[in-house]
$ cat data38.cif   # mmCIF, N, CA and C atoms
data_structure
#
loop_
_atom_site.label_atom_id
_atom_site.label_comp_id
_atom_site.auth_asym_id
_atom_site.auth_seq_id
_atom_site.Cartn_x
_atom_site.Cartn_y
_atom_site.Cartn_z
N MET A 17 132.06 -127.71 27.48
CA MET A 17 132.17 -126.85 26.33
C MET A 17 131.95 -127.68 25.07
N GLY A 18 131.58 -126.98 24.00
CA GLY A 18 131.37 -127.65 22.73
C GLY A 18 132.60 -127.51 21.86
N LEU A 19 132.34 -127.39 20.58
CA LEU A 19 133.39 -127.26 19.59
C LEU A 19 134.11 -125.93 19.76
N LEU A 20 135.42 -125.96 19.80
CA LEU A 20 136.20 -124.74 19.99
C LEU A 20 137.08 -124.51 18.78
N GLU A 21 137.00 -123.33 18.21
CA GLU A 21 137.90 -122.98 17.12
C GLU A 21 138.86 -121.92 17.65
N GLN A 22 140.12 -122.18 17.46
CA GLN A 22 141.14 -121.26 17.93
C GLN A 22 141.13 -120.01 17.07
N PRO A 23 141.09 -118.80 17.65
CA PRO A 23 141.08 -117.56 16.87
C PRO A 23 142.29 -117.46 15.95
N GLY A 24 142.04 -117.09 14.72
CA GLY A 24 143.12 -116.87 13.78
C GLY A 24 143.70 -118.13 13.15
N THR A 25 143.09 -119.27 13.40
CA THR A 25 143.60 -120.51 12.83
C THR A 25 142.44 -121.33 12.29
N HIS A 26 142.79 -122.44 11.69
CA HIS A 26 141.79 -123.39 11.25
C HIS A 26 141.88 -124.66 12.09
N VAL A 27 142.44 -124.53 13.28
CA VAL A 27 142.60 -125.67 14.17
C VAL A 27 141.35 -125.81 15.03
N ILE A 28 140.76 -126.98 14.99
CA ILE A 28 139.56 -127.22 15.78
C ILE A 28 139.85 -128.36 16.75
N SER A 29 139.44 -128.18 17.99
CA SER A 29 139.64 -129.25 18.98
C SER A 29 138.29 -129.63 19.57
N LEU A 30 138.16 -130.88 19.89
CA LEU A 30 136.97 -131.38 20.54
C LEU A 30 137.36 -131.87 21.94
N PRO A 31 136.78 -131.30 22.97
CA PRO A 31 137.12 -131.71 24.33
C PRO A 31 136.93 -133.22 24.50
N GLY A 32 137.90 -133.86 25.12
CA GLY A 32 137.81 -135.28 25.38
C GLY A 32 138.50 -136.14 24.34
N LEU A 33 138.85 -135.58 23.21
CA LEU A 33 139.56 -136.34 22.18
C LEU A 33 141.04 -136.02 22.27
N GLU A 34 141.83 -137.04 22.19
CA GLU A 34 143.27 -136.84 22.28
C GLU A 34 143.90 -137.08 20.92
N ALA A 35 144.89 -136.30 20.60
CA ALA A 35 145.64 -136.45 19.36
C ALA A 35 147.12 -136.51 19.69
N ASP A 36 147.89 -137.00 18.77
CA ASP A 36 149.34 -137.04 18.93
C ASP A 36 149.92 -135.83 18.22
N PRO A 37 150.23 -134.75 18.97
CA PRO A 37 150.70 -133.52 18.33
C PRO A 37 152.02 -133.70 17.58
N VAL A 38 152.88 -134.57 18.04
CA VAL A 38 154.15 -134.79 17.36
C VAL A 38 153.90 -135.44 16.00
N ARG A 39 153.04 -136.43 15.99
CA ARG A 39 152.70 -137.10 14.73
C ARG A 39 152.01 -136.13 13.77
N ALA A 40 151.11 -135.31 14.30
CA ALA A 40 150.42 -134.32 13.47
C ALA A 40 151.42 -133.32 12.89
N ALA A 41 152.33 -132.83 13.71
CA ALA A 41 153.34 -131.87 13.25
C ALA A 41 154.23 -132.50 12.19
N ARG A 42 154.62 -133.74 12.39
CA ARG A 42 155.47 -134.45 11.42
C ARG A 42 154.73 -134.59 10.08
N THR A 43 153.46 -134.89 10.15
CA THR A 43 152.65 -135.03 8.93
C THR A 43 152.57 -133.71 8.19
N VAL A 44 152.29 -132.64 8.92
CA VAL A 44 152.21 -131.31 8.30
C VAL A 44 153.56 -130.93 7.70
N ALA A 45 154.63 -131.15 8.42
CA ALA A 45 155.97 -130.82 7.92
C ALA A 45 156.30 -131.61 6.66
N ASN A 46 155.91 -132.86 6.62
CA ASN A 46 156.18 -133.69 5.45
C ASN A 46 155.39 -133.23 4.23
N LEU A 47 154.22 -132.63 4.45
CA LEU A 47 153.39 -132.16 3.35
C LEU A 47 153.72 -130.73 2.90
N ALA A 48 154.37 -129.98 3.77
CA ALA A 48 154.66 -128.57 3.48
C ALA A 48 155.46 -128.42 2.19
N GLY A 49 154.97 -127.55 1.33
CA GLY A 49 155.68 -127.26 0.10
C GLY A 49 155.46 -128.25 -1.03
N ARG A 50 154.73 -129.32 -0.76
CA ARG A 50 154.48 -130.31 -1.82
C ARG A 50 153.35 -129.83 -2.72
N ASP A 51 153.50 -130.05 -4.00
CA ASP A 51 152.47 -129.66 -4.96
C ASP A 51 151.21 -130.51 -4.81
N ASP A 52 151.36 -131.72 -4.28
CA ASP A 52 150.20 -132.62 -4.16
C ASP A 52 149.59 -132.61 -2.75
N ALA A 53 150.00 -131.65 -1.93
CA ALA A 53 149.45 -131.56 -0.57
C ALA A 53 147.97 -131.19 -0.64
N PRO A 54 147.16 -131.78 0.23
CA PRO A 54 145.73 -131.45 0.21
C PRO A 54 145.50 -130.00 0.66
N ALA A 55 144.43 -129.40 0.14
CA ALA A 55 144.08 -128.03 0.52
C ALA A 55 143.66 -127.99 1.98
N ARG A 56 143.01 -129.05 2.43
CA ARG A 56 142.60 -129.17 3.84
C ARG A 56 143.14 -130.50 4.34
N LEU A 57 143.68 -130.49 5.53
CA LEU A 57 144.25 -131.69 6.11
C LEU A 57 143.38 -132.13 7.28
N LEU A 58 142.77 -133.28 7.15
CA LEU A 58 141.87 -133.81 8.18
C LEU A 58 142.66 -134.81 9.02
N LEU A 59 142.93 -134.45 10.27
CA LEU A 59 143.84 -135.24 11.10
C LEU A 59 143.16 -136.00 12.24
N ASP A 60 141.88 -136.10 12.23
CA ASP A 60 141.18 -136.81 13.30
C ASP A 60 140.52 -138.04 12.72
N ARG A 61 140.34 -139.06 13.53
CA ARG A 61 139.69 -140.29 13.05
C ARG A 61 138.34 -140.03 12.41
N ASP A 62 137.59 -139.13 12.98
CA ASP A 62 136.25 -138.87 12.48
C ASP A 62 136.20 -137.66 11.53
N ALA A 63 137.32 -136.99 11.35
CA ALA A 63 137.32 -135.75 10.57
C ALA A 63 136.85 -135.96 9.14
N VAL A 64 137.29 -137.03 8.50
CA VAL A 64 136.90 -137.29 7.13
C VAL A 64 135.39 -137.52 7.05
N GLN A 65 134.87 -138.27 8.01
CA GLN A 65 133.42 -138.52 8.05
C GLN A 65 132.65 -137.22 8.25
N TYR A 66 133.07 -136.40 9.21
CA TYR A 66 132.38 -135.15 9.48
C TYR A 66 132.49 -134.19 8.30
N ALA A 67 133.67 -134.11 7.70
CA ALA A 67 133.86 -133.22 6.55
C ALA A 67 133.01 -133.68 5.38
N GLY A 68 132.92 -134.99 5.18
CA GLY A 68 132.08 -135.52 4.11
C GLY A 68 130.62 -135.20 4.32
N ALA A 69 130.16 -135.32 5.56
CA ALA A 69 128.77 -135.00 5.88
C ALA A 69 128.51 -133.51 5.68
N ALA A 70 129.45 -132.68 6.07
CA ALA A 70 129.29 -131.23 5.88
C ALA A 70 129.28 -130.88 4.40
N ALA A 71 130.15 -131.51 3.62
CA ALA A 71 130.19 -131.26 2.18
C ALA A 71 128.89 -131.69 1.52
N GLN A 72 128.36 -132.82 1.96
CA GLN A 72 127.09 -133.31 1.40
C GLN A 72 125.95 -132.35 1.74
N ALA A 73 125.92 -131.88 2.98
CA ALA A 73 124.88 -130.94 3.39
C ALA A 73 124.98 -129.64 2.59
N LEU A 74 126.19 -129.17 2.34
CA LEU A 74 126.38 -127.96 1.55
C LEU A 74 125.93 -128.18 0.11
N ALA A 75 126.29 -129.33 -0.46
CA ALA A 75 125.87 -129.64 -1.83
C ALA A 75 124.36 -129.71 -1.94
N GLU A 76 123.71 -130.30 -0.95
CA GLU A 76 122.25 -130.38 -0.95
C GLU A 76 121.62 -128.99 -0.85
N SER A 77 122.19 -128.15 0.00
CA SER A 77 121.70 -126.79 0.14
C SER A 77 121.88 -126.01 -1.16
N ASP A 78 123.04 -126.17 -1.79
CA ASP A 78 123.29 -125.50 -3.07
C ASP A 78 122.31 -125.97 -4.13
N GLU A 79 122.01 -127.25 -4.13
CA GLU A 79 121.08 -127.80 -5.12
C GLU A 79 119.68 -127.23 -4.93
N LYS A 80 119.26 -127.05 -3.69
CA LYS A 80 117.95 -126.44 -3.41
C LYS A 80 117.89 -125.02 -3.93
N GLY A 81 119.00 -124.32 -3.90
CA GLY A 81 119.04 -122.94 -4.36
C GLY A 81 119.31 -122.78 -5.84
N ARG A 82 119.55 -123.90 -6.53
CA ARG A 82 119.89 -123.85 -7.95
C ARG A 82 118.87 -123.08 -8.79
N PRO A 83 117.56 -123.32 -8.64
CA PRO A 83 116.60 -122.58 -9.46
C PRO A 83 116.71 -121.06 -9.31
N VAL A 84 116.91 -120.60 -8.10
CA VAL A 84 117.06 -119.17 -7.87
C VAL A 84 118.35 -118.66 -8.52
N SER A 85 119.43 -119.41 -8.33
CA SER A 85 120.71 -119.01 -8.90
C SER A 85 120.63 -118.94 -10.42
N GLU A 86 120.02 -119.96 -11.02
CA GLU A 86 119.94 -120.00 -12.48
C GLU A 86 118.96 -118.98 -13.03
N SER A 87 117.97 -118.59 -12.24
CA SER A 87 116.99 -117.61 -12.73
C SER A 87 117.61 -116.24 -12.96
N VAL A 88 118.71 -115.98 -12.31
CA VAL A 88 119.40 -114.70 -12.49
C VAL A 88 119.95 -114.59 -13.91
N TRP A 89 120.30 -115.71 -14.51
CA TRP A 89 120.95 -115.72 -15.82
C TRP A 89 119.98 -115.96 -16.97
N ASP A 90 118.74 -116.30 -16.67
CA ASP A 90 117.77 -116.57 -17.75
C ASP A 90 117.15 -115.31 -18.28
#
$ encode --input "data38.cif" --output "structure tokens"
Amino acid sequence: MGLLEQPGTHVISLPGLEADPVRAARTVANLAGRDDAPARLLLDRDAVQYAGAAAQALAESDEKGRPVSESVWD
């Protein structure tokens, strides 16, 4: 199987990768209710790298569409 997203959540698991659920839960509990908690919590070794690549790809896509977007307002 490939990437699995659990219905109704933002939890993503990759088959073959192991995580420490107790440590993850403790981290989430420690951040709960804090004003400085991140909007998205990346808990995998590669998550920051993957999220950064996805954000870059989105920014590049948005930039390609900029002329069309701006033409609506001209």
$ closest_residue --input "data38.cif" --among "A:Asn46, A:Asp36, A:Pro83, A:Glu76" --to "A:Asp60" --atoms "only C-alpha atoms"
A:Asp36
$ atom_distance --input "data38.cif" --atom1 "atom CA of A:Leu58" --atom2 "atom CA of A:Glu79"
25.4 Å
$ atom_distance --input "data38.cif" --atom1 "atom C of A:Ala40" --atom2 "atom CA of A:Leu59"
8.0 Å
$ atom_distance --input "data38.cif" --atom1 "atom C of A:Ala53" --atom2 "atom C of A:Ala41"
14.3 Å
$ build_atoms --input "data38.cif" --residues "stretch 70-81 of chain A" --atoms "N, CA, C and O atoms" --output "CSV table (one decimal), keeping the file's coordinate frame"
chain,number,residue,atom,x,y,z
A,70,ALA,N,129.4,-132.7,6.1
A,70,ALA,CA,129.3,-131.2,5.9
A,70,ALA,C,129.3,-130.9,4.4
A,70,ALA,O,128.5,-130.0,4.0
A,71,ALA,N,130.2,-131.5,3.6
A,71,ALA,CA,130.2,-131.3,2.2
A,71,ALA,C,128.9,-131.7,1.5
A,71,ALA,O,128.4,-131.0,0.6
A,72,GLN,N,128.4,-132.8,2.0
A,72,GLN,CA,127.1,-133.3,1.4
A,72,GLN,C,126.0,-132.4,1.7
A,72,GLN,O,125.1,-132.0,0.9
A,73,ALA,N,125.9,-131.9,3.0
A,73,ALA,CA,124.9,-130.9,3.4
A,73,ALA,C,125.0,-129.6,2.6
A,73,ALA,O,124.0,-129.1,2.2
A,74,LEU,N,126.2,-129.2,2.3
A,74,LEU,CA,126.4,-128.0,1.6
A,74,LEU,C,125.9,-128.2,0.1
A,74,LEU,O,125.2,-127.3,-0.5
A,75,ALA,N,126.3,-129.3,-0.5
A,75,ALA,CA,125.9,-129.6,-1.8
A,75,ALA,C,124.4,-129.7,-1.9
A,75,ALA,O,123.8,-129.2,-2.9
A,76,GLU,N,123.7,-130.3,-1.0
A,76,GLU,CA,122.2,-130.4,-1.0
A,76,GLU,C,121.6,-129.0,-0.8
A,76,GLU,O,120.6,-128.7,-1.5
A,77,SER,N,122.2,-128.2,0.0
A,77,SER,CA,121.7,-126.8,0.1
A,77,SER,C,121.9,-126.0,-1.2
A,77,SER,O,121.0,-125.3,-1.6
A,78,ASP,N,123.0,-126.2,-1.8
A,78,ASP,CA,123.3,-125.5,-3.1
A,78,ASP,C,122.3,-126.0,-4.1
A,78,ASP,O,121.8,-125.2,-4.9
A,79,GLU,N,122.0,-127.2,-4.1
A,79,GLU,CA,121.1,-127.8,-5.1
A,79,GLU,C,119.7,-127.2,-4.9
A,79,GLU,O,119.0,-126.9,-5.9
A,80,LYS,N,119.3,-127.0,-3.7
A,80,LYS,CA,118.0,-126.4,-3.4
A,80,LYS,C,117.9,-125.0,-3.9
A,80,LYS,O,116.8,-124.6,-4.4
A,81,GLY,N,119.0,-124.3,-3.9
A,81,GLY,CA,119.0,-122.9,-4.4
A,81,GLY,C,119.3,-122.8,-5.8
A,81,GLY,O,119.3,-121.7,-6.4
